[in-house]
Amino acid sequence: MSLRDALRIRGSEITAEAVHRDRRRLLAALAATPALGLAGCADAEPPPPSAAPVSAAQARAGFRTDEEPTRYEDITTYNNFYEFGTGKSDPSRAAKTLRTSPWHVAVGGECAKPGRVALNDLLRGLAQEERIYRLRCVEGWSMVIPWLGVPLAAVLRRFEPNANAKFVAFTTLADREQMPGIRFRSIRWPYREGLRIDEAMHPLAFLATGLYGKPLPQQNGAPLRLVVPWKYGFKSIKSIVAIDFVERMPPTAWNQLQPSEYGFFSNVNPEVNHPRWSQKTERRIAGTGNKLIANRIATRPFNGYAEQVASLYSGMDLRRWY
Ligand code: MTE
């Protein structure tokens, strides 16, 4: 933890910080952690997200919430992106080396139209939408983030997945030159994630290209990252370079690292504690002035999106399939 972070963490947050350290220790046990001593820099605060009131239809769909959005500065300086270090402030400093243009995504597997597509072509003709979603990290903190992007289903359909496409696998770039964190063996790089096909096609599943009306900063997963608001944040894979339609449940980064702690589904569930900490509450990151404060609030099943997504899991024992 940097001195800057130490100054920002209040006493009431020490327990949660210990949780984070615990997760870091898991990685450190597998590899030495690099010390990234670069100078910090935060982007200027952009305008607030569109001030239009949340319509009943948007609220029903879960597309927007009227909860206070987390400050841009906090969203872009308090990150998890282990390819750039394991500290919360490492990515905002170190990810400036990530080249996001040109960017291609290779789409393959069980589909009629596989191909390696330039990002512009992947998104061509799709209207950008703003979604204001809660993001709940498995470590016990949360934010409210105004994303810009497109529904994941609209992109996937372009490749015409076939009946064998039971799951969708996502892969992050893994480039030693641009990503200092992957020189160290911790996560089995590249970072991978996956969804069942019906989860991927759900209207809430989103591909973000921006936040607060601006292009996505590198530390938040530029130029293209997944956002699955009813699942723990680690499912929302960043800087995607490959999407594969597959028949079997694909391997995923945190599950490979510690299967007893991080499942494939990883739906937010206050009733299923992490083996080493409770998931009943979360710290909602909410800045005022230049201080990072956090209010402790109750965690909701499916991160508050149960009405929209619980039916995807009917008949499944969510204690077993965590
Ligand atoms: N994607 C990649 N490639 N590498 C990562 O380390 N961290 C995940 C997820 N996506 C991660 C990733 C975790 S643990 C969380 S909580 C979210 O990104 C954090 O997203 P944010 O930094 O934009 O808040």
# chains A, B, ... in the order shown; residues from 1 in each chain; ligands from 1
call {"tool": "residues_around", "arguments": {"residues": "Thr100 (chain A)", "least_positions_apart": "3", "cutoff": "9 Å", "atoms": "only C-alpha atoms", "output": "PyMOL selection string"}}
result
chain A and resi 103+218+222-223+239
call {"tool": "select_by_dssp", "arguments": {"residues": "region 272-305 of chain A", "states": "helix (DSSP H, G or I)", "output": "list in words"}}
result
Pro301, Phe302, Asn303 and Gly304 of chain A
call {"tool": "closest_residue", "arguments": {"among": "A:Glu67, A:Glu130, A:Glu160, A:Glu177", "to": "Asp244 (chain A)", "atoms": "only C-alpha atoms"}}
result
A:Glu160
call {"tool": "residues_near_ligand", "arguments": {"ligand": "ligand 1", "cutoff": "6 Å", "atoms": "only C-alpha atoms and all ligand atoms", "output": "list in words"}}
result
Asn79, Asn80, Phe81, Tyr82, Glu83, Cys137, Thr172, Tyr191, Asn220, Gly233, Phe234, Ser236, Ile237 and Lys238 of chain A
call {"tool": "atom_distance", "arguments": {"atom1": "CA of Leu224 (chain A)", "atom2": "CA of Leu98 (chain A)"}}
result
12.5 Å
call {"tool": "closest_residue", "arguments": {"among": "A:Trp277, A:Tyr305, A:Phe245, A:Phe265", "to": "Lys166 (chain A)", "atoms": "only C-alpha atoms"}}
result
A:Phe245
call {"tool": "closest_residue", "arguments": {"among": "A:Leu211, A:Val272, A:Met201, A:Ala165", "to": "Gly108 (chain A)", "atoms": "only C-alpha atoms"}}
result
A:Ala165
